[in-house]
Structure formats: structure tokens, C-alpha cells
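Participant: Here you go, this is input11.pdb (PDB, C-alpha atoms).
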```pdb
MODEL        1
ATOM      1  CA  MET A 308      -8.984 -14.534 -16.908
ATOM      2  CA  VAL A 309      -7.817 -11.401 -15.076
ATOM      3  CA  TRP A 310      -8.843  -9.691 -11.869
ATOM      4  CA  MET A 311     -12.071  -7.710 -11.796
ATOM      5  CA  ALA A 312     -13.656  -5.475  -9.149
ATOM      6  CA  THR A 313     -16.489  -7.095  -7.174
ATOM      7  CA  TYR A 314     -19.301  -5.858  -4.957
ATOM      8  CA  ARG A 315     -18.408  -4.854  -1.395
ATOM      9  CA  LYS A 316     -20.797  -4.988   1.538
ATOM     10  CA  VAL A 317     -19.103  -1.931   3.065
ATOM     11  CA  PRO A 318     -18.399   0.646   0.327
ATOM     12  CA  LEU A 319     -15.072   2.415   0.066
ATOM     13  CA  VAL A 320     -15.717   6.049   0.988
ATOM     14  CA  THR A 321     -14.129   9.019  -0.757
ATOM     15  CA  GLY A 322     -11.846  11.002   1.543
ATOM     16  CA  GLU A 323     -11.099   8.032   3.805
ATOM     17  CA  LEU A 324      -7.844   6.086   4.207
ATOM     18  CA  TYR A 325      -7.597   2.328   3.779
ATOM     19  CA  HIS A 326      -5.020  -0.400   4.246
ATOM     20  CA  VAL A 327      -5.371  -2.411   1.033
ATOM     21  CA  PHE A 328      -3.673  -5.742   0.468
ATOM     22  CA  ASN A 329      -3.782  -8.775  -1.795
ATOM     23  CA  ARG A 330      -1.696 -11.830  -2.536
ATOM     24  CA  GLY A 331      -1.024 -14.294  -5.290
ATOM     25  CA  LEU A 332      -3.528 -17.083  -5.885
ATOM     26  CA  ASP A 333      -2.533 -20.142  -3.808
ATOM     27  CA  LYS A 334       0.142 -17.916  -2.228
ATOM     28  CA  ARG A 335       2.137 -18.200  -5.440
ATOM     29  CA  THR A 336       5.063 -15.895  -6.159
ATOM     30  CA  THR A 337       3.886 -12.829  -8.081
ATOM     31  CA  PHE A 338       7.143 -10.850  -8.068
ATOM     32  CA  GLY A 339      10.015 -13.238  -8.604
ATOM     33  CA  ASN A 340      12.707 -10.998 -10.034
ATOM     34  CA  GLN A 341      13.762  -7.382 -10.489
ATOM     35  CA  ALA A 342      11.864  -6.922 -13.758
ATOM     36  CA  GLU A 343       8.579  -8.038 -12.204
ATOM     37  CA  PHE A 344       8.957  -5.768  -9.190
ATOM     38  CA  ILE A 345       9.752  -2.863 -11.515
ATOM     39  CA  ARG A 346       6.722  -3.552 -13.689
ATOM     40  CA  PHE A 347       4.319  -3.674 -10.743
ATOM     41  CA  TYR A 348       5.785  -0.450  -9.356
ATOM     42  CA  GLN A 349       5.245   1.142 -12.768
ATOM     43  CA  THR A 350       1.588   0.085 -12.748
ATOM     44  CA  LEU A 351       1.115   1.609  -9.273
ATOM     45  CA  LYS A 352       2.532   4.881 -10.535
ATOM     46  CA  PHE A 353       0.825   4.944 -13.937
ATOM     47  CA  TYR A 354      -2.788   4.126 -13.050
ATOM     48  CA  ARG A 355      -3.250   6.646 -10.229
ATOM     49  CA  PHE A 356      -4.951   8.953 -12.739
ATOM     50  CA  SER A 357      -8.475   8.668 -14.117
ATOM     51  CA  ASN A 358      -7.636   9.179 -17.790
ATOM     52  CA  PRO A 359      -4.158   8.060 -18.887
ATOM     53  CA  PRO A 360      -3.758   8.668 -22.647
ATOM     54  CA  LEU A 361      -2.987   4.994 -23.388
ATOM     55  CA  ASN A 362      -2.352   1.792 -21.469
ATOM     56  CA  LEU A 363       0.960   1.155 -19.737
ATOM     57  CA  SER A 364       2.275  -1.457 -22.162
ATOM     58  CA  LYS A 365       1.830   0.941 -25.093
ATOM     59  CA  PHE A 366       3.315   3.826 -23.095
ATOM     60  CA  LEU A 367       6.484   1.824 -22.372
ATOM     61  CA  GLU A 368       6.915   0.976 -26.063
ATOM     62  CA  ILE A 369       7.177   4.573 -27.278
ATOM     63  CA  ASN A 370      10.388   6.597 -27.269
ATOM     64  CA  GLN A 371      11.334   9.049 -24.536
ATOM     65  CA  SER A 372      10.472  12.217 -26.434
ATOM     66  CA  LYS A 373       6.995  10.916 -27.235
ATOM     67  CA  ARG A 374       6.525   9.944 -23.562
ATOM     68  CA  GLU A 375       7.389  13.474 -22.555
ATOM     69  CA  ASP A 376       4.720  14.780 -24.933
ATOM     70  CA  TYR A 377       2.153  12.587 -23.211
ATOM     71  CA  LEU A 378       3.372  13.668 -19.772
ATOM     72  CA  GLU A 379       2.581  17.280 -20.664
ATOM     73  CA  THR A 380      -1.087  16.466 -21.337
ATOM     74  CA  SER A 381      -3.823  16.119 -18.732
ATOM     75  CA  TRP A 382      -4.282  12.607 -17.364
ATOM     76  CA  GLY A 383      -7.435  13.565 -15.488
ATOM     77  CA  GLU A 384      -7.937  13.661 -11.748
ATOM     78  CA  LYS A 385      -6.174  11.336  -9.357
ATOM     79  CA  LEU A 386      -8.152   8.288  -8.278
ATOM     80  CA  VAL A 387      -6.115   7.693  -5.141
ATOM     81  CA  SER A 388      -3.361   9.166  -3.047
ATOM     82  CA  ILE A 389      -0.679   6.615  -2.150
ATOM     83  CA  LYS A 390       0.567   7.112   1.411
ATOM     84  CA  CYS A 391       2.726   3.979   1.794
ATOM     85  CA  TYR A 392       3.401   0.774  -0.102
ATOM     86  CA  CYS A 393       5.391  -2.434   0.188
ATOM     87  CA  LEU A 394       5.793  -5.132  -2.445
ATOM     88  CA  MET A 395       6.676  -8.634  -1.224
ATOM     89  CA  PRO A 396       7.407 -11.746  -3.290
ATOM     90  CA  ASN A 397       3.825 -13.072  -3.098
ATOM     91  CA  HIS A 398       1.733 -10.135  -1.862
ATOM     92  CA  PHE A 399       1.557  -6.363  -1.512
ATOM     93  CA  HIS A 400       0.390  -3.730   0.973
ATOM     94  CA  LEU A 401      -0.876  -0.251   0.117
ATOM     95  CA  LEU A 402      -2.065   2.601   2.315
ATOM     96  CA  LEU A 403      -4.433   4.587   0.099
ATOM     97  CA  GLU A 404      -6.738   7.568   0.330
ATOM     98  CA  GLN A 405      -9.702   7.415  -2.039
ATOM     99  CA  LEU A 406      -9.954  10.748  -3.881
ATOM    100  CA  VAL A 407     -13.013  10.102  -6.105
ATOM    101  CA  ASP A 408     -16.014   7.816  -5.791
ATOM    102  CA  GLY A 409     -15.033   4.305  -6.796
ATOM    103  CA  GLY A 410     -11.384   5.381  -7.013
ATOM    104  CA  ILE A 411      -9.732   2.556  -5.075
ATOM    105  CA  SER A 412     -11.664  -0.220  -6.821
ATOM    106  CA  ARG A 413     -10.999   1.287 -10.241
ATOM    107  CA  TYR A 414      -7.317   1.801  -9.430
ATOM    108  CA  LEU A 415      -6.782  -1.749  -8.175
ATOM    109  CA  SER A 416      -8.687  -3.188 -11.126
ATOM    110  CA  GLN A 417      -6.437  -1.370 -13.601
ATOM    111  CA  VAL A 418      -3.245  -2.189 -11.698
ATOM    112  CA  LEU A 419      -3.960  -5.895 -11.236
ATOM    113  CA  ASN A 420      -5.358  -6.461 -14.715
ATOM    114  CA  SER A 421      -2.394  -4.684 -16.300
ATOM    115  CA  TYR A 422       0.181  -6.592 -14.275
ATOM    116  CA  THR A 423      -1.579  -9.944 -14.770
ATOM    117  CA  ARG A 424      -1.533  -9.461 -18.553
ATOM    118  CA  TYR A 425       2.190  -8.639 -18.382
ATOM    119  CA  PHE A 426       2.972 -11.607 -16.115
ATOM    120  CA  ASN A 427       0.924 -14.091 -18.125
ATOM    121  CA  THR A 428       2.453 -12.985 -21.417
ATOM    122  CA  LYS A 429       5.952 -13.163 -19.984
ATOM    123  CA  THR A 430       5.528 -16.591 -18.363
ATOM    124  CA  LYS A 431       3.250 -18.060 -21.060
ATOM    125  CA  ARG A 432       0.463 -18.832 -18.624
ATOM    126  CA  VAL A 433      -3.242 -18.049 -18.581
ATOM    127  CA  GLY A 434      -5.757 -17.258 -15.877
ATOM    128  CA  GLN A 435      -5.987 -15.421 -12.612
ATOM    129  CA  LEU A 436      -2.848 -14.366 -10.748
ATOM    130  CA  PHE A 437      -4.199 -12.632  -7.617
ATOM    131  CA  LEU A 438      -7.079 -13.475  -5.289
ATOM    132  CA  ASP A 439     -10.512 -12.437  -6.568
ATOM    133  CA  GLN A 440     -11.005  -9.559  -4.156
ATOM    134  CA  PHE A 441      -8.473  -7.361  -2.446
ATOM    135  CA  LYS A 442      -8.917  -6.837   1.288
ATOM    136  CA  ASN A 443      -9.288  -3.412   2.843
ATOM    137  CA  VAL A 444      -9.333  -2.013   6.371
ATOM    138  CA  LEU A 445     -10.572   1.482   7.176
ATOM    139  CA  VAL A 446      -8.061   3.714   8.983
ATOM    140  CA  GLU A 447     -10.117   5.232  11.791
ATOM    141  CA  ASN A 448      -7.650   7.482  13.623
ATOM    142  CA  GLU A 449      -4.112   8.889  13.640
ATOM    143  CA  GLU A 450      -2.751   6.186  15.937
ATOM    144  CA  GLN A 451      -3.926   3.480  13.566
ATOM    145  CA  LEU A 452      -2.509   5.388  10.591
ATOM    146  CA  LEU A 453       0.954   5.553  12.138
ATOM    147  CA  HIS A 454       0.852   1.924  13.230
ATOM    148  CA  LEU A 455      -0.113   0.814   9.708
ATOM    149  CA  SER A 456       2.640   2.834   8.065
ATOM    150  CA  ARG A 457       5.146   1.194  10.406
ATOM    151  CA  TYR A 458       3.662  -2.276   9.896
ATOM    152  CA  ILE A 459       3.809  -1.888   6.103
ATOM    153  CA  HIS A 460       7.383  -0.608   6.130
ATOM    154  CA  LEU A 461       8.577  -3.394   8.464
ATOM    155  CA  ASN A 462       7.093  -6.180   6.345
ATOM    156  CA  PRO A 463      10.329  -7.213   4.580
ATOM    157  CA  TYR A 464      12.082  -7.491   7.966
ATOM    158  CA  SER A 465       9.308  -9.219   9.918
ATOM    159  CA  SER A 466       8.874 -11.743   7.074
ATOM    160  CA  ASN A 467      12.649 -12.334   6.824
ATOM    161  CA  VAL A 468      12.881 -11.181   3.221
ATOM    162  CA  VAL A 469      15.757  -9.062   4.538
ATOM    163  CA  SER A 470      17.868 -10.346   7.418
ATOM    164  CA  ASN A 471      18.644  -7.114   9.249
ATOM    165  CA  LEU A 472      17.706  -3.457   9.556
ATOM    166  CA  ARG A 473      20.486  -2.374   7.217
ATOM    167  CA  GLY A 474      18.842  -4.539   4.569
ATOM    168  CA  LEU A 475      15.468  -2.999   5.380
ATOM    169  CA  GLU A 476      16.873   0.481   4.779
ATOM    170  CA  LYS A 477      18.024  -0.624   1.331
ATOM    171  CA  TYR A 478      14.911  -2.593   0.346
ATOM    172  CA  GLU A 479      13.877  -1.147  -3.012
ATOM    173  CA  TRP A 480      10.228  -2.182  -3.128
ATOM    174  CA  SER A 481       8.903  -0.229  -0.186
ATOM    175  CA  SER A 482       8.158   3.449   0.364
ATOM    176  CA  LEU A 483      10.384   3.448   3.462
ATOM    177  CA  LEU A 484      13.207   4.865   1.332
ATOM    178  CA  GLU A 485      10.980   7.815   0.445
ATOM    179  CA  TYR A 486      10.207   8.398   4.109
ATOM    180  CA  ILE A 487      13.716   8.289   5.523
ATOM    181  CA  GLY A 488      15.316  10.157   2.664
ATOM    182  CA  GLY A 489      17.210   7.471   0.762
ATOM    183  CA  GLY A 490      15.031   7.115  -2.334
ATOM    184  CA  GLU A 491      15.212   9.218  -5.487
ATOM    185  CA  GLU A 492      11.811   8.168  -6.854
ATOM    186  CA  SER A 493       8.637   9.387  -5.159
ATOM    187  CA  ILE A 494       5.027   8.314  -5.665
ATOM    188  CA  CYS A 495       3.784   8.761  -2.088
ATOM    189  CA  ASP A 496       2.030  11.696  -0.456
ATOM    190  CA  LYS A 497       3.965  11.497   2.800
ATOM    191  CA  ASP A 498       2.761  14.590   4.669
ATOM    192  CA  THR A 499      -0.192  12.794   6.277
ATOM    193  CA  VAL A 500       2.168  10.454   8.141
ATOM    194  CA  LEU A 501       5.217  12.686   8.580
ATOM    195  CA  ALA A 502       3.125  15.497  10.107
ATOM    196  CA  SER A 503       3.312  13.550  13.382
ATOM    197  CA  PHE A 504       7.135  13.633  13.451
ATOM    198  CA  LYS A 505       9.627  16.456  13.818
ATOM    199  CA  THR A 506      12.140  14.928  11.422
ATOM    200  CA  ARG A 507      12.526  12.004   9.042
ATOM    201  CA  GLY A 508      15.013  10.633  11.545
ATOM    202  CA  SER A 509      12.361  10.514  14.242
ATOM    203  CA  TYR A 510      10.075   8.589  11.885
ATOM    204  CA  ARG A 511      12.920   6.148  11.182
ATOM    205  CA  LYS A 512      13.351   5.610  14.922
ATOM    206  CA  PHE A 513       9.606   5.097  15.322
ATOM    207  CA  VAL A 514       9.699   2.323  12.701
ATOM    208  CA  PHE A 515      12.943   0.625  13.693
ATOM    209  CA  ASP A 516      12.246   0.578  17.442
ATOM    210  CA  ARG A 517       9.342  -1.792  16.747
ATOM    211  CA  ALA A 518      11.178  -4.039  14.288
ATOM    212  CA  ASP A 519      12.170  -6.964  16.506
ATOM    213  CA  TYR A 520       8.810  -7.018  18.267
ATOM    214  CA  GLN A 521       6.971  -7.192  14.947
ATOM    215  CA  ARG A 522       9.289  -9.973  13.747
ATOM    216  CA  GLU A 523       8.525 -11.998  16.889
ATOM    217  CA  LEU A 524       4.786 -11.499  16.395
ATOM    218  CA  LYS A 525       5.144 -12.721  12.814
ATOM    219  CA  LYS A 526       6.545 -16.024  14.081
ATOM    220  CA  ILE A 527       3.374 -16.794  16.037
ATOM    221  CA  GLU A 528       0.697 -15.098  13.917
ATOM    222  CA  HIS A 529      -0.679 -18.469  12.800
ATOM    223  CA  LEU A 530      -1.297 -19.353  16.446
ATOM    224  CA  LEU A 531      -3.063 -16.043  17.083
ATOM    225  CA  ALA A 532      -5.278 -16.562  14.033
ATOM    226  CA  GLU A 533      -6.414 -19.930  15.411
ATOM    227  CA  GLN A 534      -7.640 -18.462  18.698
TER     228      GLN A 534
ENDMDL
END
```
Please, can you express the file's structure as C-alpha cells?
Facilitator:
Amino acid sequence: MVWMATYRKVPLVTGELYHVFNRGLDKRTTFGNQAEFIRFYQTLKFYRFSNPPLNLSKFLEINQSKREDYLETSWGEKLVSIKCYCLMPNHFHLLLEQLVDGGISRYLSQVLNSYTRYFNTKTKRVGQLFLDQFKNVLVENEEQLLHLSRYIHLNPYSSNVVSNLRGLEKYEWSSLLEYIGGGEESICDKDTVLASFKTRGSYRKFVFDRADYQRELKKIEHLLAEQ
């Protein structure tokens, strides 16, 4: 059994931004090694488009010259625009803009189904890997947008996946590297966030100045949730 889109009381609206997140069933580890992180990143990149010529597993099996032939063909319109992302060992965060009606639900369905098939085949398991329904929060204003981008990028530090800010700067599975200039690969449309900053350095300062505060909040979040 793999993940499927389900009905939402509040529909996802085209042209709006959303913080989208999901975790492994029973908080299980979903990305336990480099290969698994790479594969999930590949699914995020591949399924942004409405009409890829074949599924990801088949695409990765063909040789480089054949891939380049496919890359020169139309893959249809984009379903979503990725603004930020962060992959953690047992969950992920995305900041997405929906570009077509139903785009986010279709995108997440393809991403999670594709990765679940890969993971189950690799680990010789069956059944669901992620929670039934991803969660989403509408981004209502610029202040919230900037806060969310910072929150997403600080996740490895506030959760102690990395021990210090130097480690955060080198964390491979976050779009922070794209934002501060250290990453070669790019899948994010960063202008929406960076428009509020004069330089990439000023965005870095904006994120890092909040790091210790966010880590302290993380320590007591279970107490806040109980109130």
C-alpha cells in the first residue's frame, strides 16, 4: 500500500504558498543513509512537472545520452514552485507555491508513491511509509513567509541533527546551501524570499541570528503542545 491523496476540507488554492510537511509512519526513519536522501531529492526534482515522459525509476535506468534526449522534450507545465525544502531523517518540510489546480496534491502523491516503492523494494518491506495525509499551512503574508523559510532551514540545527552552525551550512539535504551560495544544484525558486534581503549574506544572518532561540524552543515544544 502506498500513499494516496485524500479529500481536504480547505482546498489548496492555485497561486498561494503553503508550508507542507509529512513524516514517517510511527515516526520511523524514512531517510537512513545517503542513497535514500539522494533518491527522495531526485523525486522532488523530477515530479515538479505535469507530464514527465516516464517514471523516475525508468528514467534513472537509461544511459546519459538518452536522458538528455528526454530532457529536450516538453515535460508539461510545472505543478508547483519549490521555494524551500529540508529533508530530515524521519520527516520533511517543503515551502511550495501551487501553480495549477490540484498541483500540490498531485505532486506529493507522485513523490511519496515513487519514493515508497523505491524504499519498500530496497528494504524488502510492504505497506505505507508516510502518514496518510500531508499537513499544510497557508502562508498569509511576507512576515510569515520569511519566518517559515528560516524555520525550515534551521530544522537540522534545532533538532540536533547537526551540532553547530558550521554543520548547518554544510547540511546537504536542505535548500539553505542554495540560498547562501554554497550549493551547486538548484531546484528552488528563491526570488520570492530573497527579494526581502539586499544580499545572500544578509539572509544568512537573518537565519543564523535565530538559531539558538529556535533550538531552545525545540526543547520545550512538547510542553507547549500540551497547553
Participant: Run through the PyMOL selection byres ((chain A and resi 522) around 9) on the given coordinates and return the selected residues as a list in words.
Facilitator: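 Output of the PyMOL selection byres ((chain A and resi 522) around 9): Leu461, Asn462, Tyr464, Ser465, Ser466, Asn467, Arg517, Ala518, Asp519, Tyr520, Gln521, Glu523, Leu524, Lys525 and Lys526 of chain A.
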Participant: Please report the interatomic distance between CA of Arg424 in chain A and CA of Pro396 in chain A in Å with one decimal.
Facilitator: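 These two atoms are separated by 17.8 Å.
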Participant: If I take CA of Glu492 in chain A and CA of Leu401 in chain A, how far is one from the other in Å, to one decimal?
Facilitator: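 If I compute the distance from CA of Glu492 in chain A to CA of Leu401 in chain A, I get 16.7 Å.
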Participant: Apply the PyMOL selection byres ((chain A and resi 438) around 7) to the displayed file and report the matching residues as a list of chain:residue names.
Facilitator: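 Checking the PyMOL selection byres ((chain A and resi 438) around 7) against this file, the residues are A:Asn329, A:Arg330, A:Gly331, A:Leu332, A:Leu436, A:Phe437, A:Asp439, A:Gln440, A:Phe441.
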Participant: Report as a ChimeraX atom specification the full result of the PyMOL selection byres ((chain A and resi 483) around 10) when it is applied to this structure.
Facilitator: /A:391-393,456-457,459-461,475-482,484-490,510-511,514
Participant: Could you make a table, as JSON lines, of the residues of range 385-457 of chain A that have an atom within 12 Å of an atom of range 362-379 of chain A, each with its nearest atom pair and distance in Å to one decimal, counting all atoms listed in the file, in chain and number order?
Facilitator:
```
{"residue": "A:Gln417", "atom": "CA", "partner": "A:Asn362", "partner_atom": "CA", "distance": 9.4}
{"residue": "A:Val418", "atom": "CA", "partner": "A:Leu363", "partner_atom": "CA", "distance": 9.7}
{"residue": "A:Asn420", "atom": "CA", "partner": "A:Asn362", "partner_atom": "CA", "distance": 11.1}
{"residue": "A:Ser421", "atom": "CA", "partner": "A:Leu363", "partner_atom": "CA", "distance": 7.6}
{"residue": "A:Tyr422", "atom": "CA", "partner": "A:Leu363", "partner_atom": "CA", "distance": 9.5}
{"residue": "A:Thr423", "atom": "CA", "partner": "A:Ser364", "partner_atom": "CA", "distance": 11.9}
{"residue": "A:Arg424", "atom": "CA", "partner": "A:Ser364", "partner_atom": "CA", "distance": 9.6}
{"residue": "A:Tyr425", "atom": "CA", "partner": "A:Ser364", "partner_atom": "CA", "distance": 8.1}
{"residue": "A:Phe426", "atom": "CA", "partner": "A:Ser364", "partner_atom": "CA", "distance": 11.8}
{"residue": "A:Thr428", "atom": "CA", "partner": "A:Ser364", "partner_atom": "CA", "distance": 11.6}
```
Participant: For CA of Glu450 in chain A and CA of Phe356 in chain A, quote the distance in Å rounded to one decimal.
Facilitator: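 Those two atoms sit 28.9 Å apart.
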Participant: Return as JSON the centre and edge lengths, in Å with one decimal, of the box along x, y and z that encloses every atom of range 346-358 of chain A in the file, padded by 3 Å per side.
Facilitator:
```
{"center_x": -0.9, "center_y": 2.8, "center_z": -13.5, "size_x": 21.2, "size_y": 18.9, "size_z": 14.5}
```
Participant: Smallest atom-to-atom distance to Val469 in chain A: which of A:Gly508, A:Phe513, A:Leu455, A:Met395, using all atoms listed in the file?
Facilitator: A:Met395
Participant: For each of A:Asn358, A:Asn443, A:Ser509, A:Thr430, take the minimum atom-to-atom distance to Glu404 in chain A, counting all atoms listed in the file, then give the residue where this is smallest.
Facilitator: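 That would be A:Asn443, the residue with the smallest distance to Glu404 in chain A.
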Participant: If we count only C-alpha atoms, what is near Thr321 in chain A at a cut-off of 12 Å, once residues fewer than 5 positions away on the same chain are taken out, given as a PyMOL selection string?
Facilitator: chain A and resi 385-388+403-412+445
Participant: Determine the nearest neighbour of Lys390 in chain A from the options A:Lys497, A:Lys429, A:Lys334, A:Lys442, counting all atoms listed in the file.
Facilitator: A:Lys497
Participant: Determine the nearest neighbour of Trp382 in chain A from the options A:Leu402, A:Ile345, A:Leu361, A:Asn397, counting only C-alpha atoms.
Facilitator: A:Leu361
Participant: Which polymer residues, protein or nucleic acid, are no farther than 9 Å from (9.4, 4.8, -9.6), counting all atoms listed in the file, as a list of chain:residue names?
Facilitator: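 Residues close enough to count: A:Ile345, A:Tyr348, A:Gln349, A:Leu351, A:Lys352, A:Glu491, A:Glu492, A:Ser493, A:Ile494.
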